[in-house]
Structures are given as structure tokens and as C-alpha cells.
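Engineer: One file: target_24.txt (compact mmCIF, C-alpha atoms).
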```
# COMPACT_ATOMS: atom_id res chain seq x y z
CA MET A 213 26.73 26.17 6.05
CA ASN A 214 23.37 24.85 4.91
CA LYS A 215 20.39 27.14 4.63
CA GLY A 216 17.62 26.66 7.17
CA ARG A 217 14.17 25.42 6.36
CA LEU A 218 10.97 27.43 6.49
CA ILE A 219 8.47 25.48 8.59
CA VAL A 220 4.76 26.22 8.47
CA PHE A 221 3.35 25.10 11.82
CA SER A 222 -0.38 25.04 12.56
CA ALA A 223 -2.59 23.59 15.24
CA PRO A 224 -6.13 24.17 16.45
CA SER A 225 -6.47 25.84 19.81
CA GLY A 226 -6.01 23.34 22.67
CA CYS A 227 -3.62 21.02 20.79
CA GLY A 228 -0.58 21.94 22.87
CA LYS A 229 1.16 23.94 20.14
CA GLY A 230 2.60 26.41 22.65
CA THR A 231 4.13 23.73 24.88
CA MET A 232 5.51 21.92 21.82
CA LEU A 233 7.13 25.12 20.55
CA GLU A 234 8.69 25.74 23.96
CA GLN A 235 10.38 22.32 23.73
CA ILE A 236 11.37 22.74 20.10
CA LEU A 237 12.93 26.17 20.64
CA LYS A 238 15.35 24.70 23.21
CA ASN A 239 17.15 23.51 20.11
CA GLU A 240 19.17 26.45 18.80
CA ASP A 241 18.76 25.41 15.16
CA PHE A 242 15.17 26.62 15.40
CA CYS A 243 13.55 30.01 15.83
CA VAL A 244 10.07 31.43 15.35
CA SER A 245 9.19 34.13 12.90
CA VAL A 246 8.14 37.40 14.57
CA SER A 247 5.10 39.00 12.96
CA ALA A 248 4.57 42.67 12.21
CA THR A 249 1.35 44.22 13.49
CA THR A 250 -0.44 47.54 13.52
CA ARG A 251 -2.04 46.95 16.91
CA LEU A 252 -0.61 48.74 19.93
CA PRO A 253 1.82 46.87 22.19
CA ARG A 254 0.26 45.39 25.31
CA GLU A 255 1.97 45.78 28.64
CA GLY A 256 5.22 43.82 28.72
CA GLU A 257 5.33 43.21 24.96
CA VAL A 258 8.66 44.04 23.39
CA ASP A 259 9.15 45.33 19.84
CA GLY A 260 11.08 42.76 17.78
CA VAL A 261 10.38 39.99 20.30
CA ASN A 262 6.60 39.59 20.51
CA TYR A 263 5.88 41.60 17.38
CA TYR A 264 7.33 44.28 15.19
CA PHE A 265 4.98 47.17 16.00
CA ILE A 266 4.51 49.42 12.98
CA SER A 267 1.99 52.02 11.87
CA LYS A 268 -0.92 51.34 9.52
CA ASP A 269 0.70 53.55 6.87
CA GLU A 270 3.95 51.64 7.03
CA PHE A 271 2.10 48.32 6.94
CA THR A 272 0.12 49.35 3.85
CA GLU A 273 3.29 50.56 2.16
CA ARG A 274 5.00 47.24 2.81
CA ILE A 275 2.01 45.35 1.43
CA GLY A 276 2.41 47.40 -1.75
CA GLU A 277 6.10 46.51 -1.92
CA GLY A 278 5.27 42.81 -1.56
CA LYS A 279 7.27 42.57 1.63
CA PHE A 280 4.94 40.19 3.46
CA LEU A 281 4.97 36.44 3.04
CA GLU A 282 1.33 36.65 4.09
CA TYR A 283 -0.83 39.09 5.99
CA ALA A 284 -4.36 39.29 7.33
CA GLU A 285 -6.67 41.78 8.99
CA TYR A 286 -8.13 40.79 12.34
CA CYS A 287 -10.36 43.00 14.52
CA GLY A 288 -9.32 46.10 12.60
CA ASN A 289 -5.57 45.46 12.87
CA PHE A 290 -3.13 44.04 10.39
CA TYR A 291 -0.81 41.13 11.09
CA GLY A 292 1.85 39.96 8.64
CA THR A 293 5.01 37.90 8.25
CA PRO A 294 7.97 40.06 7.10
CA MET A 295 9.70 38.22 4.27
CA ASP A 296 13.13 39.85 4.81
CA LYS A 297 13.37 38.79 8.47
CA VAL A 298 12.45 35.20 7.58
CA ASN A 299 14.98 35.04 4.77
CA GLU A 300 17.67 36.56 6.98
CA MET A 301 17.26 33.77 9.58
CA LEU A 302 17.13 31.08 6.87
CA GLU A 303 20.41 32.39 5.43
CA LYS A 304 21.94 32.12 8.89
CA GLY A 305 21.10 28.41 8.81
CA LYS A 306 18.18 28.62 11.23
CA ASN A 307 14.99 26.66 10.67
CA VAL A 308 12.30 29.33 10.89
CA ILE A 309 8.98 28.24 12.34
CA LEU A 310 5.96 30.13 11.13
CA GLU A 311 3.18 29.65 13.68
CA ILE A 312 0.13 30.39 11.62
CA GLU A 313 -3.55 29.49 11.21
CA VAL A 314 -4.73 27.30 8.37
CA GLN A 315 -5.82 29.98 5.85
CA GLY A 316 -2.53 31.86 6.14
CA ALA A 317 -0.64 28.57 6.05
CA VAL A 318 -2.12 27.64 2.70
CA LYS A 319 -1.14 31.06 1.30
CA VAL A 320 2.45 30.54 2.45
CA MET A 321 2.58 26.99 1.01
CA ASN A 322 1.48 28.33 -2.37
CA LYS A 323 4.00 31.16 -2.29
CA ARG A 324 6.85 29.09 -0.92
CA PRO A 325 6.74 25.51 -2.20
CA ASP A 326 10.10 25.03 -0.43
CA ALA A 327 8.35 25.36 2.94
CA LEU A 328 7.85 22.30 5.10
CA SER A 329 4.32 22.23 6.51
CA ILE A 330 3.34 20.44 9.69
CA PHE A 331 -0.13 20.22 11.19
CA ILE A 332 -0.52 19.36 14.88
CA ALA A 333 -3.75 17.51 15.53
CA PRO A 334 -5.54 16.40 18.70
CA PRO A 335 -5.94 12.61 19.17
CA SER A 336 -9.65 13.17 18.57
CA ILE A 337 -12.13 16.03 18.62
CA ASN A 338 -13.74 14.47 21.70
CA GLU A 339 -10.39 14.44 23.48
CA LEU A 340 -9.88 18.10 22.52
CA ARG A 341 -13.29 18.91 24.03
CA ARG A 342 -12.32 17.06 27.24
CA ARG A 343 -9.05 19.01 27.43
CA LEU A 344 -10.77 22.36 26.97
CA HIS A 345 -13.35 21.52 29.67
CA LYS A 346 -10.57 20.37 32.01
CA ARG A 347 -8.75 23.67 31.49
CA GLY A 348 -11.94 25.27 32.75
CA THR A 349 -11.15 28.78 31.48
CA GLU A 350 -14.00 29.01 28.98
CA SER A 351 -17.78 28.66 28.96
CA ASP A 352 -19.41 25.62 27.35
CA GLU A 353 -20.51 27.83 24.48
CA VAL A 354 -17.01 29.11 23.76
CA ILE A 355 -15.64 25.56 24.04
CA GLU A 356 -18.15 24.33 21.44
CA GLN A 357 -17.11 27.20 19.14
CA ARG A 358 -13.49 26.20 19.51
CA VAL A 359 -14.31 22.54 18.91
CA ALA A 360 -16.23 23.39 15.74
CA GLN A 361 -13.34 25.58 14.58
CA ALA A 362 -10.87 22.77 15.34
CA SER A 363 -12.93 20.30 13.28
CA ASN A 364 -12.84 22.70 10.34
CA GLU A 365 -9.09 23.07 10.67
CA VAL A 366 -8.42 19.32 11.01
CA ALA A 367 -10.46 18.80 7.84
CA LEU A 368 -7.82 20.88 6.02
CA ALA A 369 -4.85 19.01 7.50
CA ALA A 370 -4.44 17.01 4.27
CA LYS A 371 -3.02 20.18 2.68
CA TYR A 372 0.02 19.91 4.94
CA ASP A 373 3.08 17.74 4.33
CA TYR A 374 2.89 16.05 7.72
CA ILE A 375 0.28 15.48 10.41
CA ILE A 376 1.55 14.96 13.96
CA VAL A 377 -0.99 13.83 16.52
CA ASN A 378 -0.19 15.41 19.88
CA ASP A 379 -1.27 12.65 22.24
CA ALA A 380 1.83 12.65 24.46
CA LEU A 381 3.96 15.81 24.35
CA GLU A 382 7.40 14.15 24.21
CA ASP A 383 6.32 11.85 21.36
CA ALA A 384 4.90 14.76 19.39
CA VAL A 385 8.09 16.80 19.85
CA GLU A 386 10.18 13.78 18.83
CA ASP A 387 7.95 13.34 15.77
CA PHE A 388 8.64 16.96 14.87
CA PHE A 389 12.41 16.50 15.01
CA HIS A 390 12.19 13.22 13.07
CA VAL A 391 10.30 15.00 10.31
CA VAL A 392 12.81 17.85 10.06
CA ARG A 393 15.80 15.50 9.98
CA ALA A 394 14.19 13.15 7.45
CA GLU A 395 13.30 16.10 5.22
CA GLN A 396 16.99 17.02 5.06
CA LEU A 397 17.63 13.57 3.57
CA ARG A 398 15.03 13.73 0.79
CA ALA A 399 16.69 13.15 -2.56
CA ASP A 400 14.67 15.92 -4.24
CA LYS A 401 15.78 18.42 -1.60
CA ARG A 402 19.50 17.76 -2.08
CA PRO A 403 20.27 17.87 -5.80
CA GLU A 404 23.83 18.97 -5.01
CA ILE A 405 24.70 15.89 -2.95
CA ILE A 406 25.18 13.53 -5.90
CA ALA A 407 27.59 15.89 -7.66
CA ASP A 408 29.43 16.41 -4.36
CA ILE A 409 29.93 12.67 -3.86
CA ILE A 410 31.16 12.04 -7.37
CA LYS A 411 33.35 15.13 -7.86
CA ASN A 412 37.13 14.79 -8.24
CA SER A 413 36.86 11.01 -8.26
CA MET B 272 -2.47 -2.91 13.65
CA ASN B 273 -0.92 -0.80 10.94
CA LYS B 274 0.47 -2.41 7.82
CA GLY B 275 4.24 -2.37 7.46
CA ARG B 276 6.11 -0.41 4.82
CA LEU B 277 8.00 -1.86 1.88
CA ILE B 278 11.49 -0.34 1.91
CA VAL B 279 13.74 -0.44 -1.13
CA PHE B 280 17.29 -0.26 0.17
CA SER B 281 20.31 0.10 -2.11
CA ALA B 282 23.97 0.92 -1.70
CA PRO B 283 27.10 0.54 -3.79
CA SER B 284 29.56 -2.08 -2.59
CA GLY B 285 31.72 -0.75 0.24
CA CYS B 286 29.12 1.66 1.66
CA GLY B 287 28.53 -0.34 4.82
CA LYS B 288 25.07 -1.56 3.86
CA GLY B 289 25.59 -4.90 5.60
CA THR B 290 26.62 -3.35 8.92
CA MET B 291 23.75 -0.88 8.70
CA LEU B 292 21.25 -3.70 8.12
CA GLU B 293 22.65 -5.62 11.07
CA GLN B 294 21.89 -2.61 13.31
CA ILE B 295 18.49 -1.96 11.75
CA LEU B 296 17.34 -5.58 12.12
CA LYS B 297 17.87 -5.43 15.88
CA ASN B 298 14.57 -3.54 15.76
CA GLU B 299 11.82 -6.17 15.53
CA ASP B 300 9.59 -3.97 13.42
CA PHE B 301 11.94 -4.62 10.51
CA CYS B 302 12.80 -7.70 8.47
CA VAL B 303 14.52 -8.33 5.16
CA SER B 304 12.89 -9.93 2.18
CA VAL B 305 14.33 -13.35 1.33
CA SER B 306 14.93 -13.86 -2.40
CA ALA B 307 14.14 -16.95 -4.42
CA THR B 308 16.99 -18.33 -6.56
CA THR B 309 17.69 -21.19 -8.95
CA ARG B 310 21.31 -21.47 -7.92
CA LEU B 311 22.34 -24.34 -5.66
CA PRO B 312 22.70 -23.71 -1.96
CA ARG B 313 26.26 -23.10 -0.78
CA GLU B 314 27.51 -24.80 2.35
CA GLY B 315 25.72 -23.47 5.43
CA GLU B 316 22.98 -21.72 3.47
CA VAL B 317 19.50 -22.49 4.74
CA ASP B 318 16.38 -22.60 2.59
CA GLY B 319 13.98 -19.85 3.63
CA VAL B 320 16.70 -17.96 5.51
CA ASN B 321 19.39 -17.08 2.97
CA TYR B 322 17.26 -17.84 -0.07
CA TYR B 323 14.29 -19.86 -1.17
CA PHE B 324 16.01 -22.44 -3.36
CA ILE B 325 13.75 -23.50 -6.22
CA SER B 326 14.19 -25.19 -9.61
CA LYS B 327 14.48 -23.35 -12.91
CA ASP B 328 11.12 -24.79 -13.99
CA GLU B 329 9.40 -23.56 -10.89
CA PHE B 330 11.04 -20.15 -11.22
CA THR B 331 9.91 -19.79 -14.84
CA GLU B 332 6.40 -20.87 -13.90
CA ARG B 333 6.26 -18.23 -11.15
CA ILE B 334 7.48 -15.56 -13.56
CA GLY B 335 4.57 -16.51 -15.82
CA GLU B 336 2.16 -16.18 -12.90
CA GLY B 337 3.50 -12.71 -12.09
CA LYS B 338 4.58 -13.84 -8.65
CA PHE B 339 7.82 -11.86 -8.50
CA LEU B 340 8.05 -8.23 -7.52
CA GLU B 341 11.19 -8.21 -9.66
CA TYR B 342 13.65 -10.78 -10.93
CA ALA B 343 16.92 -10.86 -12.80
CA GLU B 344 19.28 -13.37 -14.34
CA TYR B 345 22.87 -13.31 -13.10
CA CYS B 346 25.61 -15.76 -14.19
CA GLY B 347 23.05 -18.20 -15.57
CA ASN B 348 20.90 -18.24 -12.44
CA PHE B 349 17.65 -16.48 -11.64
CA TYR B 350 17.09 -14.34 -8.56
CA GLY B 351 13.72 -12.86 -7.66
CA THR B 352 11.65 -11.29 -4.88
CA PRO B 353 8.54 -13.36 -4.09
CA MET B 354 5.58 -11.00 -3.88
CA ASP B 355 3.46 -13.21 -1.56
CA LYS B 356 6.17 -13.45 1.11
CA VAL B 357 6.67 -9.68 1.08
CA ASN B 358 2.93 -8.99 1.35
CA GLU B 359 2.58 -11.55 4.16
CA MET B 360 5.18 -9.73 6.28
CA LEU B 361 3.68 -6.30 5.47
CA GLU B 362 0.26 -7.55 6.59
CA LYS B 363 1.84 -8.67 9.86
CA GLY B 364 2.91 -5.05 10.39
CA LYS B 365 6.58 -5.60 9.61
CA ASN B 366 8.55 -3.11 7.57
CA VAL B 367 10.08 -5.27 4.85
CA ILE B 368 13.51 -4.21 3.61
CA LEU B 369 14.32 -5.13 0.04
CA GLU B 370 18.10 -5.09 -0.34
CA ILE B 371 18.48 -4.65 -4.04
CA GLU B 372 20.73 -3.14 -6.70
CA VAL B 373 19.74 0.01 -8.54
CA GLN B 374 18.20 -1.49 -11.70
CA GLY B 375 15.96 -3.84 -9.73
CA ALA B 376 15.16 -1.03 -7.31
CA VAL B 377 13.80 1.16 -10.09
CA LYS B 378 11.60 -1.73 -11.31
CA VAL B 379 10.16 -2.16 -7.80
CA MET B 380 9.55 1.60 -7.41
CA ASN B 381 7.58 1.62 -10.65
CA LYS B 382 5.55 -1.42 -9.65
CA ARG B 383 4.99 -0.36 -6.08
CA PRO B 384 4.66 3.40 -5.75
CA ASP B 385 3.83 2.77 -2.08
CA ALA B 386 7.42 1.63 -1.48
CA LEU B 387 9.81 3.86 0.43
CA SER B 388 13.18 3.99 -1.32
CA ILE B 389 16.45 4.77 0.42
CA PHE B 390 19.87 5.01 -1.18
CA ILE B 391 22.97 4.67 0.99
CA ALA B 392 25.87 6.69 -0.41
CA PRO B 393 29.55 6.95 0.51
CA PRO B 394 30.73 10.39 1.71
CA SER B 395 32.64 10.61 -1.57
CA ILE B 396 33.88 8.30 -4.28
CA ASN B 397 37.44 9.01 -3.16
CA GLU B 398 36.56 7.95 0.38
CA LEU B 399 34.98 4.77 -1.00
CA ARG B 400 38.20 4.04 -2.89
CA ARG B 401 40.20 4.56 0.32
CA ARG B 402 37.91 2.19 2.23
CA LEU B 403 38.18 -0.52 -0.41
CA HIS B 404 42.01 -0.23 -0.44
CA LYS B 405 42.08 -0.33 3.36
CA ARG B 406 39.98 -3.51 3.34
CA GLY B 407 42.80 -4.95 1.22
CA THR B 408 40.81 -7.92 -0.10
CA GLU B 409 40.81 -6.91 -3.76
CA SER B 410 43.32 -6.02 -6.46
CA ASP B 411 43.67 -2.40 -7.64
CA GLU B 412 41.94 -3.36 -10.86
CA VAL B 413 38.92 -4.85 -9.13
CA ILE B 414 38.76 -1.83 -6.81
CA GLU B 415 38.65 0.55 -9.77
CA GLN B 416 35.86 -1.54 -11.30
CA ARG B 417 33.89 -1.28 -8.07
CA VAL B 418 34.56 2.45 -7.85
CA ALA B 419 33.34 3.00 -11.42
CA GLN B 420 30.25 0.90 -10.68
CA ALA B 421 29.60 2.88 -7.49
CA SER B 422 29.82 6.17 -9.43
CA ASN B 423 27.22 4.89 -11.87
CA GLU B 424 24.95 3.86 -9.02
CA VAL B 425 25.32 7.14 -7.12
CA ALA B 426 24.41 8.98 -10.33
CA LEU B 427 21.01 7.24 -10.14
CA ALA B 428 20.42 8.05 -6.46
CA ALA B 429 18.09 10.91 -7.42
CA LYS B 430 15.51 8.26 -8.33
CA TYR B 431 15.21 7.32 -4.67
CA ASP B 432 13.06 9.08 -2.08
CA TYR B 433 15.95 9.58 0.34
CA ILE B 434 19.74 9.64 0.21
CA ILE B 435 21.59 8.77 3.40
CA VAL B 436 25.34 9.38 3.41
CA ASN B 437 27.05 6.69 5.47
CA ASP B 438 29.92 8.66 6.97
CA ALA B 439 29.51 7.47 10.58
CA LEU B 440 27.56 4.23 11.04
CA GLU B 441 25.44 5.31 14.03
CA ASP B 442 24.39 8.55 12.32
CA ALA B 443 23.43 6.69 9.15
CA VAL B 444 21.37 4.16 11.12
CA GLU B 445 19.69 7.00 13.02
CA ASP B 446 18.98 8.74 9.73
CA PHE B 447 17.30 5.55 8.53
CA PHE B 448 14.99 5.36 11.54
CA HIS B 449 14.21 9.09 11.29
CA VAL B 450 13.14 8.62 7.69
CA VAL B 451 10.88 5.66 8.46
CA ARG B 452 9.19 7.43 11.39
CA ALA B 453 8.74 10.68 9.47
CA GLU B 454 7.25 8.79 6.53
CA GLN B 455 4.57 7.42 8.86
CA LEU B 456 3.56 11.01 9.58
CA ARG B 457 3.19 12.16 5.96
CA ALA B 458 -0.28 13.55 5.39
CA ASP B 459 -0.60 11.82 2.01
CA LYS B 460 0.23 8.46 3.57
CA ARG B 461 -2.46 8.67 6.26
CA PRO B 462 -5.74 9.65 4.57
CA GLU B 463 -7.65 7.82 7.32
CA ILE B 464 -6.25 9.92 10.17
CA ILE B 465 -8.39 12.99 9.56
CA ALA B 466 -11.62 11.00 9.52
CA ASP B 467 -10.45 9.16 12.67
CA ILE B 468 -9.86 12.42 14.55
CA ILE B 469 -13.19 13.95 13.58
CA LYS B 470 -15.43 10.89 13.92
CA ASN B 471 -18.15 10.76 16.60
CA SER B 472 -17.42 14.34 17.62
```
Could you express the structure from this file as C-alpha cells?
Structural biologist:
Amino acid sequence: MNKGRLIVFSAPSGCGKGTMLEQILKNEDFCVSVSATTRLPREGEVDGVNYYFISKDEFTERIGEGKFLEYAEYCGNFYGTPMDKVNEMLEKGKNVILEIEVQGAVKVMNKRPDALSIFIAPPSINELRRRLHKRGTESDEVIEQRVAQASNEVALAAKYDYIIVNDALEDAVEDFFHVVRAEQLRADKRPEIIADIIKNS
Amino acid sequence: MNKGRLIVFSAPSGCGKGTMLEQILKNEDFCVSVSATTRLPREGEVDGVNYYFISKDEFTERIGEGKFLEYAEYCGNFYGTPMDKVNEMLEKGKNVILEIEVQGAVKVMNKRPDALSIFIAPPSINELRRRLHKRGTESDEVIEQRVAQASNEVALAAKYDYIIVNDALEDAVEDFFHVVRAEQLRADKRPEIIADIIKNS
């Protein structure tokens, strides 16, 4: 069985990342990485499904042991990606999707050059603004903050291997699967194939 | 309209390259490059379709003018890929497939780093041998020559961007289209996209 691929997956807020992931995860070859956090579980959240809930002491200890692929502090709580869980799923042949913001994504890319990185972009910043207004859940001020944040993130999209513009959901999901399949065919990612073809001839 | 992509496409004899191309060319976004040659047309061959038939003098002159993407001499005749015809089709938005053997392919890759290179491989050299025997059109000696040649070519497949194993025709053709679509999404191939998304926001 082939090992799975680690997939770094980022998108600004409002780019339909959640809906895309829902579609992608219907394919059993894919799973998402579950983060560890020191924050308390919210109602309905399940340990090992939404997060691995651990104490601050345990989190700090694991940082010291280098057990996180990346971690960050946010509003006084720690969030991190447990390396062992990711590797376990990869060994099982699953493609592990790491849903992560741009700064963390760059850290992971540096640490794991074998990772495939995909950035989901809006068709345009103006279209993103329209979508956020249409959703109507946030004030104009918050929307402009999100739009500014999205612009900053899009500006860093060149650091990723692929940029998928989410204009129509089905197309974007198809793009995603095309990228993953094509990546499996890259000559530099399959050094063993040439020997396999020639052997015992 | 987006420019097309130059696609270097190689396969050892017996790997089903012809049948694959037939399927691929049903898609109007793709065309094959027509070579120029100094050999005489065979019965039924049409100038501009099978080859551009030109004189030795004209061929030599064009070499001097740097008008070939690559050329080679074979059995006393010249064969070459006319650069202007390829560029014309690319400008029209067509993906131009250059069906070419490994040595010529490497020359083109060096000259045109923008080219996408795809190597079609047999599942194994033994399977290739079986296919050639089954075809029954060649002597054992000729088959072994082809098999040895194929081994040499497969050994150079690492120079290509992608290796597609042609085990089942439909899968190999699908692989091809996945690669081309994914390549259009590579961040390093679309430097303009980020500016496009952010502009006028």
C-alpha cells in the first residue's frame, strides 16, 4: 500500500473551505488532522473528533519533546498539530488534510517539504466582500477586517504549490482531486517506479 | 484567452502512445505538432498534416536561422519541430503535444523550461515484451531490440515532469488530463492570479 500525502490546506474566511472539505471528505482516501488544544471543550465537542483536549502542562511537555508539527497560541490557549497522529494516518495510506492558516502553513511547508500545499482563493476580493455581506452575519466593520485579512493571505498564496480559485464549488473540488492525482504521477515523487518497471526484465 | 501549454510526450514503442493520443485529441483544446522533414511523402501522406515536406536546402537554411525547436537526422533524412507553428498554436490557446523520442525530448526541455513533459511507461518491461509478442508483427530478435530500447528509455523517465503508467488505456488518458489541469493550477505557473484577485479591492 502506498503512503498517504500530507496536504496543507488554507483559505481566507469566506472562501468556502468548509463546504469544500465536506465534499472532499466523502472520499475515504482523505481525512483531516485533528488538532490538540488547551482550551476547554465547548458543548457537543468530542475529544479526538473536534480536538484532542489536553492540559497546558501536557501541551508544554509535548512542545519540548518536539511532538507538534506546528503550534500557536491564540487568546491564551495553545493549538497544535500532533505529529504522531498525522504520521499514523499517512502510514495507513490516508491523505491527511491539515486545515491551517497561512503562518502555520508556511511553518509546516518548511518542516515537511514532502507536504502538498493548496491555497483556496476567492475569485476576487470584491466578490469575497459581496459574499460576506450576503451572509449578513457580521457588521460592515468586521467584514472590512476580514477582507483586509483575506488580502494579506492571498498575497502569500505564491508560497503554496497550487492555487485553486473557488468560484463554483464543484469545479474547485474537482480541481482539488485533479491536483492530488497529478501529484501522485510526478516523476520526482516516484523514484521507485522506474526500478519497478525495469526489474526482472 | 489563456495561452496553451507545450507538452513533451514520449513513450517507448508498444506503450500505447498512439491510442492514447487518439483519445486525447478528441478534446479540442489539444493538438499535435506537425514535424518538418526532408524525406519524400509516402502514398497518402498530406503536406501540413502528416509532415511539412521541405527540401534539404530549405531545412539547412532553417537550422541556420534557429527555426527548429529540435531536429535530428535519421536514415539520411532530417526531421524537425518548427518553432513558429508551435508558437502559433500556443497563442491560439491550444495545448500543443510534441510526440518525440527521449533524446529530442531532453533537448526541448532544456530549450523550453515552460514545457510540460510526460513520459508514458509500460506497467513492466516483461509486460511490454508480452504485448509485443501478442501483436505478432515482429520477429523475436526485433522484439528483444525494442525491449532493450524501451528499458533504456524508461531509465531516462526521471528527466520528465510526470510518469504515467499505461496499464489500462482509460486510466492513462484520465491521468493525462489530470496532469494538464493540475498544472494550470500551480502557483508558480500563475503569477498573475494573485494580482488579479486583489486588484480594485
Engineer: With all atoms listed in the file counted, which protein, DNA or RNA residues have an atom no more than 12 Å from (18.1, -5.1, 3.5) in the file frame? Please answer as a PDB file with C-alpha atoms, in the frame of the given file.
Structural biologist:
```pdb
ATOM      1  CA  LEU B 277       8.000  -1.860   1.880  1.00  0.00           C
ATOM      2  CA  ILE B 278      11.490  -0.340   1.910  1.00  0.00           C
ATOM      3  CA  VAL B 279      13.740  -0.440  -1.130  1.00  0.00           C
ATOM      4  CA  PHE B 280      17.290  -0.260   0.170  1.00  0.00           C
ATOM      5  CA  SER B 281      20.310   0.100  -2.110  1.00  0.00           C
ATOM      6  CA  ALA B 282      23.970   0.920  -1.700  1.00  0.00           C
ATOM      7  CA  GLY B 287      28.530  -0.340   4.820  1.00  0.00           C
ATOM      8  CA  LYS B 288      25.070  -1.560   3.860  1.00  0.00           C
ATOM      9  CA  GLY B 289      25.590  -4.900   5.600  1.00  0.00           C
ATOM     10  CA  THR B 290      26.620  -3.350   8.920  1.00  0.00           C
ATOM     11  CA  MET B 291      23.750  -0.880   8.700  1.00  0.00           C
ATOM     12  CA  LEU B 292      21.250  -3.700   8.120  1.00  0.00           C
ATOM     13  CA  GLU B 293      22.650  -5.620  11.070  1.00  0.00           C
ATOM     14  CA  GLN B 294      21.890  -2.610  13.310  1.00  0.00           C
ATOM     15  CA  ILE B 295      18.490  -1.960  11.750  1.00  0.00           C
ATOM     16  CA  LEU B 296      17.340  -5.580  12.120  1.00  0.00           C
ATOM     17  CA  PHE B 301      11.940  -4.620  10.510  1.00  0.00           C
ATOM     18  CA  CYS B 302      12.800  -7.700   8.470  1.00  0.00           C
ATOM     19  CA  VAL B 303      14.520  -8.330   5.160  1.00  0.00           C
ATOM     20  CA  SER B 304      12.890  -9.930   2.180  1.00  0.00           C
ATOM     21  CA  VAL B 305      14.330 -13.350   1.330  1.00  0.00           C
ATOM     22  CA  SER B 306      14.930 -13.860  -2.400  1.00  0.00           C
ATOM     23  CA  ASN B 366       8.550  -3.110   7.570  1.00  0.00           C
ATOM     24  CA  VAL B 367      10.080  -5.270   4.850  1.00  0.00           C
ATOM     25  CA  ILE B 368      13.510  -4.210   3.610  1.00  0.00           C
ATOM     26  CA  LEU B 369      14.320  -5.130   0.040  1.00  0.00           C
ATOM     27  CA  GLU B 370      18.100  -5.090  -0.340  1.00  0.00           C
ATOM     28  CA  ILE B 371      18.480  -4.650  -4.040  1.00  0.00           C
ATOM     29  CA  GLU B 372      20.730  -3.140  -6.700  1.00  0.00           C
ATOM     30  CA  ALA B 376      15.160  -1.030  -7.310  1.00  0.00           C
ATOM     31  CA  SER B 388      13.180   3.990  -1.320  1.00  0.00           C
ATOM     32  CA  ILE B 389      16.450   4.770   0.420  1.00  0.00           C
ATOM     33  CA  PHE B 390      19.870   5.010  -1.180  1.00  0.00           C
ATOM     34  CA  ILE B 391      22.970   4.670   0.990  1.00  0.00           C
ATOM     35  CA  PHE B 447      17.300   5.550   8.530  1.00  0.00           C
TER      36      PHE B 447
END
```
Engineer: Residues within 8 Å of His449 of chain B, please, as a PyMOL selection string. Count all atoms listed in the file; anything in the same chain fewer than 6 positions from it doesn't count.
Structural biologist: chain A and resi 390-391+393-394
Engineer: Residues of chain B within 7 Å of chain A, counting only C-alpha atoms, what are they? List them as a list in words.
Structural biologist: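 Here they are: Pro394, Ser395, Ile396, Asn397, Ser422, Val425, Ala426, Ala429, Tyr431, Asp432, Tyr433, Ile434, Ile435, Asp446, His449, Val450, Arg452, Ala453, Leu456, Arg457, Ala458, Asp459, Ile465, Ile468, Ile469 and Ser472 of chain B.
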Engineer: Of the candidates B:Val357, B:Glu316, B:Glu412, B:Lys365, which one gets nearest to Asn298 of chain B if we count only C-alpha atoms?
Structural biologist: B:Lys365
Engineer: Do you have the atom CA of Phe265 of chain A-atom CA of Leu252 of chain A distance handy?
Structural biologist: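 So the two atoms, atom CA of Phe265 of chain A and atom CA of Leu252 of chain A, lie 7.0 Å apart.
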Engineer: Could you pull the residues within 12 Å of segment 330-336 of chain B, counting all atoms listed in the file, minus those fewer than 6 positions along the same chain, as a count of residues only?
Structural biologist: 18
Engineer: Could you tell me how far atom CA of Ala439 of chain B sits from atom CA of Gln374 of chain B, in Å to one decimal place?
Structural biologist: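 Atom-to-atom, atom CA of Gln374 of chain B to atom CA of Ala439 of chain B, that is 26.5 Å.
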Engineer: Using all atoms listed in the file for the distances, tell me which of A:Gly226, A:Asn378, A:Glu255, A:Gly278 is nearest to His345 of chain A.
Structural biologist: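 Smallest separation from His345 of chain A among the options: A:Gly226.
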Engineer: From the list B:Cys286, B:Leu340, B:Lys363, B:Glu329, which residue is nearest Glu424 of chain B when using only C-alpha atoms?
Structural biologist: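 Of the candidates, the smallest distance to Glu424 of chain B is held by B:Cys286.
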Engineer: By how many Å are atom CA of Glu362 of chain B and atom CA of Gly275 of chain B apart?
Structural biologist: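 It comes out at 6.6 Å.
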